[in-house]
file model-v6.txt (compact mmCIF, C-alpha atoms)
# COMPACT_ATOMS: atom_id res chain seq x y z
CA MET E 1 0.00 0.00 0.00
CA ALA E 2 1.11 3.59 -0.57
CA GLN E 3 2.46 5.31 2.49
CA THR E 4 2.69 8.99 3.36
CA LEU E 5 4.89 9.97 6.28
CA CYS E 6 3.30 12.19 8.88
CA LEU E 7 4.80 15.67 8.73
CA THR E 8 6.37 15.39 12.19
CA ALA E 9 8.27 12.20 11.35
CA PHE E 10 9.38 13.57 8.02
CA ARG E 11 10.75 16.71 9.67
CA ARG E 12 12.89 14.65 12.04
CA ARG E 13 14.45 12.81 9.09
CA LEU E 14 15.53 15.80 7.01
CA PRO E 15 18.67 17.87 7.58
CA ALA E 16 18.17 21.31 9.05
CA TYR E 17 18.85 23.14 5.79
CA ALA E 18 16.15 21.14 4.02
CA MET E 19 13.76 21.69 6.91
CA ALA E 20 14.09 25.46 6.65
CA LEU E 21 12.52 25.52 3.20
CA LEU E 22 9.80 23.01 4.08
CA LEU E 23 8.73 24.97 7.14
CA ALA E 24 8.94 28.28 5.33
CA MET E 25 6.73 27.11 2.47
CA THR E 26 4.11 25.51 4.69
CA ALA E 27 1.25 27.83 5.48
CA LEU E 28 0.89 28.74 9.14
CA PRO E 29 -2.48 28.87 10.91
CA ALA E 30 -4.59 31.80 9.77
CA SER E 31 -3.85 35.02 11.62
CA PRO E 32 -6.67 37.09 13.12
CA ALA E 33 -4.90 40.20 11.81
CA LYS E 34 -6.81 42.10 9.17
CA ALA E 35 -5.40 43.18 5.83
CA PHE E 36 -4.62 46.64 7.16
CA VAL E 37 -0.95 46.10 6.22
CA ALA E 38 -1.59 46.70 2.54
CA GLU E 39 -3.98 49.55 3.23
CA THR E 40 -1.28 51.52 5.03
CA LEU E 41 1.28 51.01 2.27
CA LYS E 42 1.84 54.41 0.63
CA LEU E 43 3.21 54.21 -2.92
CA ASP E 44 3.88 57.04 -5.35
CA LYS E 45 3.10 56.90 -9.06
CA SER E 46 6.52 55.56 -10.08
CA GLU E 47 6.37 52.80 -7.44
CA MET E 48 2.92 51.80 -8.62
CA THR E 49 4.32 51.65 -12.16
CA ASP E 50 7.11 49.35 -10.96
CA LEU E 51 4.57 47.11 -9.23
CA MET E 52 2.61 46.85 -12.46
CA ARG E 53 5.85 45.88 -14.23
CA VAL E 54 6.51 43.22 -11.58
CA GLN E 55 3.01 41.81 -11.98
CA LYS E 56 3.39 41.71 -15.77
CA HIS E 57 6.76 39.93 -15.48
CA LEU E 58 5.43 37.31 -13.06
CA ASN E 59 2.47 36.56 -15.31
CA SER E 60 4.57 36.45 -18.48
CA ALA E 61 7.01 33.94 -16.91
CA ARG E 62 4.99 30.79 -17.57
CA THR E 63 8.04 28.59 -17.00
CA ILE E 64 11.34 29.02 -15.16
CA ARG E 65 14.35 26.73 -15.18
CA SER E 66 17.38 27.51 -13.06
CA ARG E 67 20.09 26.35 -10.74
CA PHE E 68 19.50 27.71 -7.26
CA LEU E 69 21.48 28.54 -4.15
CA GLN E 70 19.74 28.29 -0.78
CA ILE E 71 21.18 29.97 2.30
CA SER E 72 19.51 30.08 5.71
CA SER E 73 20.13 32.56 8.50
CA ASN E 74 21.21 29.65 10.73
CA GLY E 75 24.23 29.09 8.45
CA GLU E 76 22.93 26.19 6.35
CA TYR E 77 23.83 26.14 2.65
CA THR E 78 22.81 23.98 -0.30
CA GLU E 79 22.30 24.07 -4.07
CA GLY E 80 20.10 22.35 -6.61
CA GLU E 81 17.82 22.68 -9.62
CA PHE E 82 14.53 24.56 -9.81
CA PHE E 83 11.73 24.17 -12.34
CA LEU E 84 8.41 26.04 -12.39
CA GLN E 85 5.48 25.84 -14.75
CA ARG E 86 2.41 27.88 -13.97
CA PRO E 87 -0.22 27.14 -13.00
CA GLY E 88 0.56 24.87 -10.11
CA LYS E 89 3.68 22.96 -11.11
CA MET E 90 7.11 23.09 -9.52
CA ARG E 91 10.15 20.91 -8.87
CA LEU E 92 13.05 21.57 -6.50
CA VAL E 93 15.83 18.99 -6.50
CA TYR E 94 18.64 19.42 -4.01
CA ASP E 95 22.19 18.34 -4.75
CA PRO E 96 23.62 15.44 -2.68
CA PRO E 97 23.99 14.84 0.19
CA ASN E 98 20.66 16.61 0.76
CA PRO E 99 17.99 13.98 -0.04
CA LEU E 100 15.10 16.42 -0.38
CA MET E 101 13.04 16.88 -3.53
CA VAL E 102 9.88 19.00 -3.76
CA VAL E 103 7.33 18.29 -6.52
CA ALA E 104 4.07 20.13 -7.19
CA ASP E 105 1.80 18.54 -9.80
CA GLY E 106 -0.88 21.21 -10.12
CA LYS E 107 -2.93 20.23 -7.07
CA TYR E 108 -0.62 18.61 -4.54
CA ILE E 109 2.89 19.37 -3.38
CA SER E 110 5.08 16.49 -2.15
CA TYR E 111 8.18 16.83 0.03
CA VAL E 112 10.17 13.73 -0.89
CA ASP E 113 13.05 12.06 0.95
CA ARG E 114 14.84 10.30 -1.91
CA GLU E 115 16.95 8.15 0.38
CA LEU E 116 13.92 6.69 2.17
CA ASP E 117 11.65 7.02 -0.89
CA GLN E 118 8.97 8.49 1.34
CA ALA E 119 7.01 11.72 1.14
CA THR E 120 4.73 14.16 2.88
CA THR E 121 2.02 15.42 0.52
CA LEU E 122 -0.10 18.53 1.04
CA LEU E 123 -2.54 20.56 -1.01
CA ILE E 124 -0.71 23.41 -2.73
CA SER E 125 -3.35 25.73 -1.28
CA MET E 126 -2.01 24.87 2.21
CA THR E 127 1.43 26.28 1.39
CA ARG E 128 3.00 29.62 0.60
CA ALA E 129 4.12 28.18 -2.72
CA GLN E 130 0.65 28.92 -4.07
CA ILE E 131 1.59 32.61 -4.32
CA LEU E 132 4.08 31.82 -7.10
CA LEU E 133 2.07 29.00 -8.68
CA LYS E 134 -1.24 30.74 -9.37
CA GLU E 135 -2.59 30.87 -12.92
CA THR E 136 -2.71 34.65 -12.74
CA ILE E 137 -0.80 36.59 -10.13
CA ALA E 138 -2.74 39.73 -9.21
CA LEU E 139 -0.82 41.96 -6.82
CA PHE E 140 -3.90 44.13 -6.43
CA GLY E 141 -6.46 41.31 -6.21
CA ASP E 142 -8.37 39.64 -3.40
CA ASP E 143 -6.02 36.70 -2.78
CA VAL E 144 -2.57 38.31 -2.75
CA ILE E 145 -1.68 41.63 -1.15
CA VAL E 146 1.46 43.73 -1.27
CA THR E 147 2.79 44.35 2.24
CA GLY E 148 6.05 46.08 1.34
CA PHE E 149 7.96 47.69 -1.51
CA ARG E 150 11.58 48.85 -1.74
CA ARG E 151 13.59 50.09 -4.67
CA SER E 152 17.37 50.53 -4.83
CA PRO E 153 19.77 50.88 -7.81
CA GLY E 154 19.14 47.86 -10.05
CA ILE E 155 16.96 46.07 -7.48
CA ILE E 156 13.23 45.94 -6.74
CA ARG E 157 11.99 44.12 -3.66
CA VAL E 158 8.30 43.31 -3.21
CA ASN E 159 6.78 41.70 -0.12
CA VAL E 160 3.60 39.74 -0.86
CA ALA E 161 1.30 37.72 1.37
CA ASN E 162 -1.89 35.73 1.35
CA ALA E 163 -4.71 38.15 2.05
CA ALA E 164 -6.19 35.72 4.60
CA GLU E 165 -3.01 35.76 6.74
CA PRO E 166 -1.02 38.87 5.82
CA THR E 167 1.31 38.80 8.81
CA GLU E 168 2.30 35.14 8.53
CA GLY E 169 2.00 33.87 4.96
CA ARG E 170 4.57 36.25 3.51
CA ILE E 171 7.21 35.91 0.80
CA ASP E 172 9.77 38.57 -0.13
CA LEU E 173 10.44 38.61 -3.89
CA VAL E 174 13.62 40.24 -5.23
CA PHE E 175 13.97 41.32 -8.86
CA SER E 176 16.83 42.66 -10.91
CA ASP E 177 15.91 45.68 -13.01
CA LYS E 178 16.69 46.50 -16.64
CA PRO E 179 15.77 43.85 -17.58
CA LEU E 180 13.23 43.08 -14.89
CA GLU E 181 13.67 39.44 -13.78
CA LEU E 182 12.88 37.43 -10.66
CA ARG E 183 16.19 36.63 -8.96
CA LYS E 184 15.40 35.32 -5.49
CA TRP E 185 12.83 34.99 -2.73
CA LEU E 186 13.04 34.97 1.05
CA VAL E 187 10.77 33.21 3.51
CA THR E 188 10.84 33.12 7.32
CA ASP E 189 9.63 30.16 9.34
CA ALA E 190 7.92 29.99 12.72
CA GLN E 191 11.31 29.78 14.47
CA GLY E 192 12.46 33.05 12.86
CA ILE E 193 14.90 31.37 10.43
CA THR E 194 15.02 33.21 7.11
CA THR E 195 15.77 31.15 4.02
CA THR E 196 16.96 32.85 0.84
CA VAL E 197 16.62 31.00 -2.48
CA SER E 198 18.62 32.68 -5.26
CA LEU E 199 18.18 31.75 -8.92
CA LEU E 200 21.45 31.29 -10.81
CA GLY E 201 21.18 31.98 -14.54
CA PRO E 202 17.40 31.52 -14.80
CA LEU E 203 15.81 30.71 -18.16
CA PHE E 204 12.25 31.93 -18.69
CA ASN E 205 9.55 30.48 -20.94
CA THR E 206 11.48 27.44 -22.14
CA GLU E 207 9.79 24.10 -22.77
CA LEU E 208 9.85 21.75 -19.77
CA ASP E 209 9.34 17.98 -19.66
CA PRO E 210 5.92 17.21 -18.08
CA GLU E 211 7.52 14.28 -16.23
CA LEU E 212 9.40 16.77 -14.05
CA PHE E 213 6.17 17.50 -12.20
CA ARG E 214 5.00 13.97 -11.55
CA TYR E 215 5.68 12.02 -8.40
CA SER E 216 4.18 8.67 -7.53
CA GLU E 217 4.45 7.45 -3.97
CA PRO E 218 6.15 4.04 -3.78
CA ILE E 219 4.14 0.88 -3.44
CA PHE E 220 5.44 -1.13 -0.50
CA LYS E 221 5.72 -4.76 -1.53
CA ASP E 222 5.56 -7.87 0.60
CA LEU E 223 9.20 -8.49 1.55
CA ASP E 224 8.58 -12.24 1.85
CA LYS E 225 7.86 -12.55 -1.88
call {"tool": "encode", "arguments": {"input": "model-v6.txt", "output": "structure tokens"}}
result
Amino acid sequence: MAQTLCLTAFRRRLPAYAMALLLAMTALPASPAKAFVAETLKLDKSEMTDLMRVQKHLNSARTIRSRFLQISSNGEYTEGEFFLQRPGKMRLVYDPPNPLMVVADGKYISYVDRELDQATTLLISMTRAQILLKETIALFGDDVIVTGFRRSPGIIRVNVANAAEPTEGRIDLVFSDKPLELRKWLVTDAQGITTTVSLLGPLFNTELDPELFRYSEPIFKDLDK
């Protein structure tokens, strides 16, 4: 029969640097805070123009393929490969010795331990990953709100969150400018550990193999046979 590890057991198995991303991407319980964060954000005309550019870029990037570098504020470091195909599909494969692989197939997202060949599977809607995986990303819509904006020479940083939990379901997106391209994102887990995932030489809108986004849980066979 197929087996899915409970999230607690799976967390104990993974190295700390893999855990940081898993915890950061998992949605926390809904916050009672209202969406006043976005309402108090004061943007001038040029900043609003930049936000519209960011929204257009995110929606035009139907696929992304890239090497990535992940660094956590607790000192953990790892690299791997990242694939994204909107809506709903993603694959993160960490380089050895990290056994973690993350696969989203359009509805579910699986956190896979390749050494044990076991996984924890959640609905994408239960994770922060849904912010990047939506069919259409609307920064001014009902589901996603902008909670922060900063611009510096060559860099645009946008903080976005789920409207239902604006103080807890947040991702910080960092873009290079001229040309405008997504370069990295930052997430912070419940323990206050911030994980930065930087894209290294990303390729946008290239064809991706559909098999990248498929994961089948192993069937455990009778060992006596």
call {"tool": "residues_around", "arguments": {"input": "model-v6.txt", "residues": "Asp209 in chain E", "least_positions_apart": "4", "cutoff": "12 Å", "atoms": "all atoms listed in the file", "output": "mmCIF file with C-alpha atoms, in the frame of the given file"}}
result
data_model
loop_
_atom_site.group_PDB
_atom_site.id
_atom_site.type_symbol
_atom_site.label_atom_id
_atom_site.label_comp_id
_atom_site.auth_asym_id
_atom_site.auth_seq_id
_atom_site.Cartn_x
_atom_site.Cartn_y
_atom_site.Cartn_z
ATOM 1 C CA THR E 63 8.040 28.590 -17.000
ATOM 2 C CA ARG E 65 14.350 26.730 -15.180
ATOM 3 C CA PHE E 83 11.730 24.170 -12.340
ATOM 4 C CA LEU E 84 8.410 26.040 -12.390
ATOM 5 C CA GLN E 85 5.480 25.840 -14.750
ATOM 6 C CA LYS E 89 3.680 22.960 -11.110
ATOM 7 C CA MET E 90 7.110 23.090 -9.520
ATOM 8 C CA ARG E 91 10.150 20.910 -8.870
ATOM 9 C CA PHE E 213 6.170 17.500 -12.200
ATOM 10 C CA ARG E 214 5.000 13.970 -11.550
#
call {"tool": "closest_residue", "arguments": {"input": "model-v6.txt", "among": "E:Ser176, E:Thr188, E:Thr120, E:Thr206", "to": "Arg53 in chain E", "atoms": "only C-alpha atoms"}}
result
E:Ser176
call {"tool": "closest_residue", "arguments": {"input": "model-v6.txt", "among": "E:Pro96, E:Gly148, E:Pro87, E:Pro210", "to": "Ala129 in chain E", "atoms": "only C-alpha atoms"}}
result
E:Pro87
call {"tool": "closest_residue", "arguments": {"input": "model-v6.txt", "among": "E:Asp105, E:Glu81, E:Glu47, E:Asp172", "to": "Ile131 in chain E", "atoms": "all atoms listed in the file"}}
result
E:Asp172
call {"tool": "closest_residue", "arguments": {"input": "model-v6.txt", "among": "E:Ile71, E:Ile155, E:Leu208, E:Ile109", "to": "Thr195 in chain E", "atoms": "only C-alpha atoms"}}
result
E:Ile71
call {"tool": "atom_distance", "arguments": {"input": "model-v6.txt", "atom1": "CA of Ser110 in chain E", "atom2": "CA of Val158 in chain E"}}
result
27.0 Å
call {"tool": "closest_residue", "arguments": {"input": "model-v6.txt", "among": "E:Met101, E:Ala61, E:Leu180, E:Ile145", "to": "Gly80 in chain E", "atoms": "all atoms listed in the file"}}
result
E:Met101
call {"tool": "closest_residue", "arguments": {"input": "model-v6.txt", "among": "E:Val144, E:Met52, E:Val103, E:Phe68", "to": "Glu211 in chain E", "atoms": "all atoms listed in the file"}}
result
E:Val103
call {"tool": "atom_distance", "arguments": {"input": "model-v6.txt", "atom1": "CA of Ser60 in chain E", "atom2": "CA of Gly201 in chain E"}}
result
17.6 Å
call {"tool": "atom_distance", "arguments": {"input": "model-v6.txt", "atom1": "CA of Val102 in chain E", "atom2": "CA of Val146 in chain E"}}
result
26.2 Å
call {"tool": "axis_aligned_box", "arguments": {"input": "model-v6.txt", "around": "range 139-148 of chain E", "padding_each_side": "8 Å", "output": "JSON"}}
result
{"center_x": -1.2, "center_y": 41.4, "center_z": -2.3, "size_x": 30.4, "size_y": 25.4, "size_z": 25.1}
